[in-house]
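Undergrad: Sharing a structure with you now.
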Amino acid sequence: MRKVLISFIAIVIVGAGVLFGIKNWQHHSLNQSLSKTEKVSHVNLVALGDSLTEGVGDTQKLQGYSGRIAKEIREKYDISVTMKNFGKAGDRSDQIKKRLVAQSSFQHSVKNADVLVMTVGGNDLQQLLLKNMTASSPKALSEAVVKGKVNYQIRLAKLLKTVRGYNKQAPIFIFGNYNPLYVHFANREDFNADVKNFNAINAKMATKDGNAYYVSSFDLTYGQFKTKSQRQKLVKQIESDSSEKNATKAMTAVLTGKTSVDNNWISKDDNYHPNDKGYQYMTSQLLHVMKREEKHWLIKH
């Protein structure tokens, strides 16, 4: 029995050593293969946008995804990173553009950026929802959103044109948005559809740019409710809740951050922004797309 135990321990130790060796080899192999194609030694990363870029809800004070992605790039690619954050809570697409045009420091940073990352559209959509809160039906609300997305596309196009006026070369990584209302209104499929409509514009404009790339953050919508059965159970719970009779009042409370939250990826402070876990998810999503497109920012040209 003792010999069997010793053999088992030896196998575990050897296995752990092999796993550690594989991870080190992968990291070494990545950097070695990139060095052959003249990897850059430094990256200027500029984040611009709304509260998701500012990092509202981040208790670690890492400026949301922006500080985290800078750290990930340093560690994974063994290069230095300078990160500038120009996120401002509450900004719509037109307001981000207005700040860029008005602020010389913002312009200078964008001009010198090797990578641009943007969050946009969430406040444009929220304004539409609040404006049409008293719509007679979910269908009427969605119709208002569909009409509003036309104007949003125009504003986003102007923002991207302005950014490109300062920097034509850097890749732009554009986040989509999520539905922070989901855990309170899981039976309202139209809310998810509204967010996806706006996300489609972000993805479309990224493709149209030619050197911009869409990054999804939609799974923040569901948080811990990952499976279909979990979501169905949540819908039943909401439909049986007596507060559903005051849906308009409840939605206003959620949008203005005046109620509790039950999404493990969303901050309990305001019921809207990601918490640390949520921002780490956004960072992972961004890193995944940046890795796929690393020839546009990591390799010397």
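Each chain in the structure tokens gets a letter, A, B, ..., in the order shown, and its residues are numbered from 1; ligands are numbered from 1 in order too.
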Please report, as a Markdown table, each residue of stretch 83-185 of chain A lying at most 7 Å from stretch 46-51 of chain A, together with the nearest pair of atoms and the separation in Å rounded to one decimal; use only C-alpha atoms, and order rows by chain and ascending residue number.
TA:
```
| residue | atom | partner | partner_atom | distance |
| --- | --- | --- | --- | --- |
| A:Met83 | CA | A:Val46 | CA | 5.7 |
| A:Lys84 | CA | A:Val46 | CA | 4.8 |
| A:Asn85 | CA | A:Ala47 | CA | 4.9 |
| A:Phe86 | CA | A:Leu48 | CA | 4.6 |
| A:Gly87 | CA | A:Gly49 | CA | 4.6 |
| A:Lys88 | CA | A:Asp50 | CA | 4.7 |
| A:Ala89 | CA | A:Ser51 | CA | 3.7 |
| A:Gly90 | CA | A:Asp50 | CA | 6.0 |
| A:Asp91 | CA | A:Asp50 | CA | 5.1 |
| A:Ile96 | CA | A:Gly49 | CA | 6.1 |
| A:Ser109 | CA | A:Val46 | CA | 6.8 |
| A:Val110 | CA | A:Val46 | CA | 6.5 |
| A:Ala113 | CA | A:Val46 | CA | 6.0 |
| A:Val115 | CA | A:Val46 | CA | 6.3 |
| A:Leu116 | CA | A:Val46 | CA | 5.0 |
| A:Val117 | CA | A:Ala47 | CA | 4.7 |
| A:Met118 | CA | A:Leu48 | CA | 5.0 |
| A:Thr119 | CA | A:Gly49 | CA | 4.8 |
| A:Val120 | CA | A:Gly49 | CA | 5.7 |
```
Undergrad: Please return, as a ChimeraX atom specification, all residues of stretch 182-238 of chain A that DSSP assigns to alpha helix (DSSP H) on the basis of the backbone.
TA: /A:189-209,228-238
Undergrad: So which residues touch stretch 287-289 of chain A within 12 Å, counting only C-alpha atoms, skipping near sequence neighbours fewer than 2 positions away, as a ChimeraX atom specification?
TA: /A:65-66,68-74,76-77,117,171-175,212-217,280-285,291-297
Undergrad: Smallest atom-to-atom distance to A:Leu45: which of A:Ile201, A:Val145, A:Val163, A:Val81, using only C-alpha atoms?
TA: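 Checking each of A:Ile201, A:Val145, A:Val163, A:Val81 against A:Leu45, counting only C-alpha atoms, the winner is A:Val81.
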Undergrad: Using DSSP on the backbone, list every residue of stretch 27-85 of chain A that comes out as strand (DSSP E), and give them as a list in words.
TA: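 Going through stretch 27-85 of chain A, the strand (DSSP E) residues come out as His42, Val43, Asn44, Leu45, Val46, Ala47, Leu48, Gly49, Ser80, Val81, Thr82, Met83, Lys84 and Asn85 of chain A.
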Undergrad: Rank A:Gln169, A:Gln153, A:Gln103, A:Asn275 by their smallest atom-to-atom distance to A:Met205, using only C-alpha atoms, and report the top residue only.
TA: A:Gln153
Undergrad: May I have the residues within 9 Å of A:Gly223 as a short mmCIF file (atom, residue, chain, number, x, y, z; two decimals) with N, CA, C and O atoms, in the first residue's frame, using only C-alpha atoms and disregarding those fewer than 3 positions away in the same chain?
TA:
```
data_model
loop_
_atom_site.label_atom_id
_atom_site.label_comp_id
_atom_site.auth_asym_id
_atom_site.auth_seq_id
_atom_site.Cartn_x
_atom_site.Cartn_y
_atom_site.Cartn_z
N VAL A 183 -31.77 40.80 -15.05
CA VAL A 183 -32.15 40.02 -13.86
C VAL A 183 -33.44 40.52 -13.22
O VAL A 183 -34.05 39.81 -12.43
N ASP A 219 -22.54 38.90 -22.56
CA ASP A 219 -22.76 37.92 -21.49
C ASP A 219 -22.82 38.56 -20.10
O ASP A 219 -23.24 37.91 -19.13
N LEU A 220 -22.42 39.82 -19.99
CA LEU A 220 -22.63 40.55 -18.74
C LEU A 220 -24.12 40.62 -18.41
O LEU A 220 -24.50 40.74 -17.24
N LYS A 226 -26.24 31.34 -16.36
CA LYS A 226 -25.55 30.93 -17.58
C LYS A 226 -26.34 29.97 -18.45
O LYS A 226 -26.21 29.96 -19.67
N ASP A 262 -29.07 41.58 -8.51
CA ASP A 262 -28.84 40.16 -8.29
C ASP A 262 -28.11 39.56 -9.48
O ASP A 262 -28.49 38.53 -10.02
N ASN A 263 -27.10 40.26 -9.95
CA ASN A 263 -26.25 39.78 -11.03
C ASN A 263 -24.83 39.83 -10.50
O ASN A 263 -24.31 40.90 -10.19
N ASN A 264 -24.19 38.68 -10.40
CA ASN A 264 -22.87 38.61 -9.78
C ASN A 264 -21.76 39.31 -10.57
O ASN A 264 -20.64 39.41 -10.08
N TRP A 265 -22.08 39.75 -11.77
CA TRP A 265 -21.08 40.46 -12.58
C TRP A 265 -21.33 41.96 -12.62
O TRP A 265 -20.59 42.70 -13.25
N ILE A 266 -22.39 42.40 -11.94
CA ILE A 266 -22.78 43.80 -11.95
C ILE A 266 -22.62 44.39 -10.54
O ILE A 266 -22.92 43.74 -9.55
N GLY A 278 -16.98 41.57 -13.54
CA GLY A 278 -17.49 41.98 -14.84
C GLY A 278 -16.43 42.63 -15.70
O GLY A 278 -16.34 42.37 -16.91
#
```
Undergrad: State, in Å with one decimal place, the distance from atom CA of A:Tyr222 to atom CA of A:Ala203.
TA: 20.6 Å
Undergrad: Which one of A:Lys97, A:His108, A:His273, A:Lys147 sits closest to A:Asn44 if you count only C-alpha atoms?
TA: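 The closest residue to A:Asn44 is A:His108.
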Undergrad: I want to know what sits within 9 Å of stretch 185-193 of chain A, based on only C-alpha atoms, with residues of the same chain fewer than 5 positions away left out; could you give that as a PyMOL selection string?
TA: chain A and resi 138-139+141-142+178-179+198+221+231-232+234-236+238-239+244+247+251
Undergrad: Can I get the selection written as a compact mmCIF listing (two decimals), in the first residue's frame, with all heavy atoms?
TA:
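Done, and the output landed in part14.txt:
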```txt
# COMPACT_ATOMS: atom_id res chain seq x y z
N PRO A 138 -44.45 46.79 -25.11
CA PRO A 138 -43.06 46.46 -25.46
C PRO A 138 -42.78 46.66 -26.95
O PRO A 138 -41.70 47.11 -27.33
CB PRO A 138 -42.95 44.99 -25.07
CG PRO A 138 -43.92 44.83 -23.95
CD PRO A 138 -45.08 45.71 -24.33
N LYS A 139 -43.78 46.35 -27.78
CA LYS A 139 -43.61 46.52 -29.22
C LYS A 139 -43.42 47.99 -29.57
O LYS A 139 -42.56 48.34 -30.39
CB LYS A 139 -44.84 45.97 -29.96
CG LYS A 139 -44.73 46.07 -31.48
CD LYS A 139 -45.97 45.51 -32.16
CE LYS A 139 -45.86 45.66 -33.68
NZ LYS A 139 -47.07 45.16 -34.38
N LEU A 141 -42.24 50.31 -27.62
CA LEU A 141 -40.92 50.72 -27.13
C LEU A 141 -39.83 50.29 -28.10
O LEU A 141 -38.92 51.07 -28.42
CB LEU A 141 -40.67 50.12 -25.74
CG LEU A 141 -39.33 50.47 -25.08
CD1 LEU A 141 -39.18 51.97 -24.91
CD2 LEU A 141 -39.21 49.77 -23.72
N SER A 142 -39.92 49.06 -28.59
CA SER A 142 -38.92 48.56 -29.54
C SER A 142 -38.96 49.34 -30.85
O SER A 142 -37.92 49.58 -31.47
CB SER A 142 -39.14 47.07 -29.81
OG SER A 142 -38.79 46.31 -28.67
N TYR A 178 -24.43 45.55 -23.03
CA TYR A 178 -25.17 44.46 -22.39
C TYR A 178 -26.45 45.04 -21.80
O TYR A 178 -26.67 46.25 -21.80
CB TYR A 178 -24.31 43.82 -21.30
CG TYR A 178 -23.87 44.80 -20.23
CD1 TYR A 178 -24.58 44.94 -19.04
CD2 TYR A 178 -22.76 45.62 -20.43
CE1 TYR A 178 -24.19 45.86 -18.07
CE2 TYR A 178 -22.36 46.54 -19.47
CZ TYR A 178 -23.08 46.66 -18.29
OH TYR A 178 -22.70 47.58 -17.35
N ASN A 179 -27.30 44.16 -21.29
CA ASN A 179 -28.58 44.58 -20.73
C ASN A 179 -28.54 44.48 -19.20
O ASN A 179 -28.73 43.40 -18.65
CB ASN A 179 -29.70 43.70 -21.29
CG ASN A 179 -31.04 43.98 -20.62
OD1 ASN A 179 -31.22 45.00 -19.97
ND2 ASN A 179 -31.98 43.06 -20.80
N PHE A 198 -28.50 47.82 -31.11
CA PHE A 198 -27.43 48.83 -31.02
C PHE A 198 -26.06 48.18 -31.18
O PHE A 198 -25.16 48.76 -31.80
CB PHE A 198 -27.53 49.57 -29.68
CG PHE A 198 -28.35 50.84 -29.77
CD1 PHE A 198 -29.66 50.81 -30.23
CD2 PHE A 198 -27.81 52.06 -29.41
CE1 PHE A 198 -30.42 51.96 -30.33
CE2 PHE A 198 -28.56 53.23 -29.50
CZ PHE A 198 -29.87 53.18 -29.96
N THR A 221 -24.94 40.53 -19.43
CA THR A 221 -26.39 40.54 -19.27
C THR A 221 -26.85 39.45 -18.30
O THR A 221 -27.68 39.69 -17.43
CB THR A 221 -27.08 40.30 -20.64
OG1 THR A 221 -26.76 41.39 -21.51
CG2 THR A 221 -28.58 40.18 -20.49
N ARG A 231 -32.26 30.56 -16.59
CA ARG A 231 -32.96 31.76 -17.07
C ARG A 231 -34.47 31.54 -17.09
O ARG A 231 -35.23 32.46 -16.78
CB ARG A 231 -32.44 32.13 -18.47
CG ARG A 231 -30.98 32.56 -18.46
CD ARG A 231 -30.40 32.68 -19.85
NE ARG A 231 -28.95 32.74 -19.79
CZ ARG A 231 -28.15 32.64 -20.84
NH1 ARG A 231 -28.67 32.48 -22.05
NH2 ARG A 231 -26.84 32.70 -20.70
N GLN A 232 -34.89 30.34 -17.43
CA GLN A 232 -36.32 30.04 -17.42
C GLN A 232 -36.88 30.12 -16.00
O GLN A 232 -38.00 30.62 -15.79
CB GLN A 232 -36.56 28.65 -18.00
CG GLN A 232 -36.36 28.58 -19.51
CD GLN A 232 -36.47 27.17 -20.05
OE1 GLN A 232 -36.28 26.18 -19.33
NE2 GLN A 232 -36.76 27.05 -21.34
N LEU A 234 -35.69 32.00 -13.64
CA LEU A 234 -35.72 33.42 -13.29
C LEU A 234 -36.95 34.10 -13.87
O LEU A 234 -37.59 34.92 -13.20
CB LEU A 234 -34.44 34.10 -13.80
CG LEU A 234 -34.28 35.58 -13.48
CD1 LEU A 234 -34.23 35.82 -11.98
CD2 LEU A 234 -33.01 36.13 -14.14
N VAL A 235 -37.30 33.75 -15.10
CA VAL A 235 -38.49 34.31 -15.74
C VAL A 235 -39.74 33.98 -14.93
O VAL A 235 -40.58 34.85 -14.67
CB VAL A 235 -38.63 33.79 -17.19
CG1 VAL A 235 -40.00 34.17 -17.75
CG2 VAL A 235 -37.53 34.36 -18.07
N LYS A 236 -39.86 32.74 -14.51
CA LYS A 236 -41.03 32.31 -13.72
C LYS A 236 -41.10 33.07 -12.40
O LYS A 236 -42.17 33.46 -11.95
CB LYS A 236 -40.96 30.81 -13.47
CG LYS A 236 -41.21 29.96 -14.70
CD LYS A 236 -41.13 28.48 -14.38
CE LYS A 236 -41.37 27.64 -15.63
NZ LYS A 236 -41.25 26.18 -15.34
N ILE A 238 -39.93 36.06 -11.78
CA ILE A 238 -40.30 37.45 -12.04
C ILE A 238 -41.79 37.57 -12.36
O ILE A 238 -42.48 38.48 -11.91
CB ILE A 238 -39.45 38.03 -13.18
CG1 ILE A 238 -38.01 38.24 -12.68
CG2 ILE A 238 -40.02 39.33 -13.71
CD1 ILE A 238 -37.02 38.58 -13.75
N GLU A 239 -42.29 36.62 -13.15
CA GLU A 239 -43.70 36.66 -13.54
C GLU A 239 -44.65 36.45 -12.37
O GLU A 239 -45.79 36.89 -12.38
CB GLU A 239 -43.96 35.62 -14.63
CG GLU A 239 -43.35 36.01 -15.97
CD GLU A 239 -43.57 34.96 -17.05
OE1 GLU A 239 -43.83 33.78 -16.68
OE2 GLU A 239 -43.46 35.30 -18.24
N GLU A 244 -44.40 43.07 -10.42
CA GLU A 244 -44.52 43.16 -11.87
C GLU A 244 -45.67 44.09 -12.27
O GLU A 244 -45.69 44.65 -13.36
CB GLU A 244 -44.74 41.75 -12.45
CG GLU A 244 -44.89 41.68 -13.96
CD GLU A 244 -43.64 42.09 -14.70
OE1 GLU A 244 -42.59 42.22 -14.07
OE2 GLU A 244 -43.73 42.30 -15.91
N ALA A 247 -44.45 47.64 -13.33
CA ALA A 247 -43.27 47.44 -14.17
C ALA A 247 -42.58 48.74 -14.56
O ALA A 247 -41.36 48.83 -14.54
CB ALA A 247 -43.65 46.66 -15.43
N MET A 251 -38.80 49.63 -13.59
CA MET A 251 -37.78 49.85 -14.60
C MET A 251 -37.07 51.18 -14.37
O MET A 251 -35.85 51.29 -14.53
CB MET A 251 -38.39 49.82 -16.01
CG MET A 251 -37.34 49.95 -17.11
SD MET A 251 -37.93 49.45 -18.72
CE MET A 251 -39.11 50.73 -19.06
```
Undergrad: Could you check the closest approach to A:Ile154 for each of A:Val195, A:Asn167, A:Leu130, A:Asp94 and tell me which residue wins, using only C-alpha atoms?
TA: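 Checking each of A:Val195, A:Asn167, A:Leu130, A:Asp94 against A:Ile154, counting only C-alpha atoms, the winner is A:Asp94.
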Undergrad: Which is closest to A:Leu100 among A:Gly210, A:Gly165, A:Pro274, A:Gly176, if we use only C-alpha atoms?
TA: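 Using only C-alpha atoms, the shortest distance to A:Leu100 belongs to A:Gly165.
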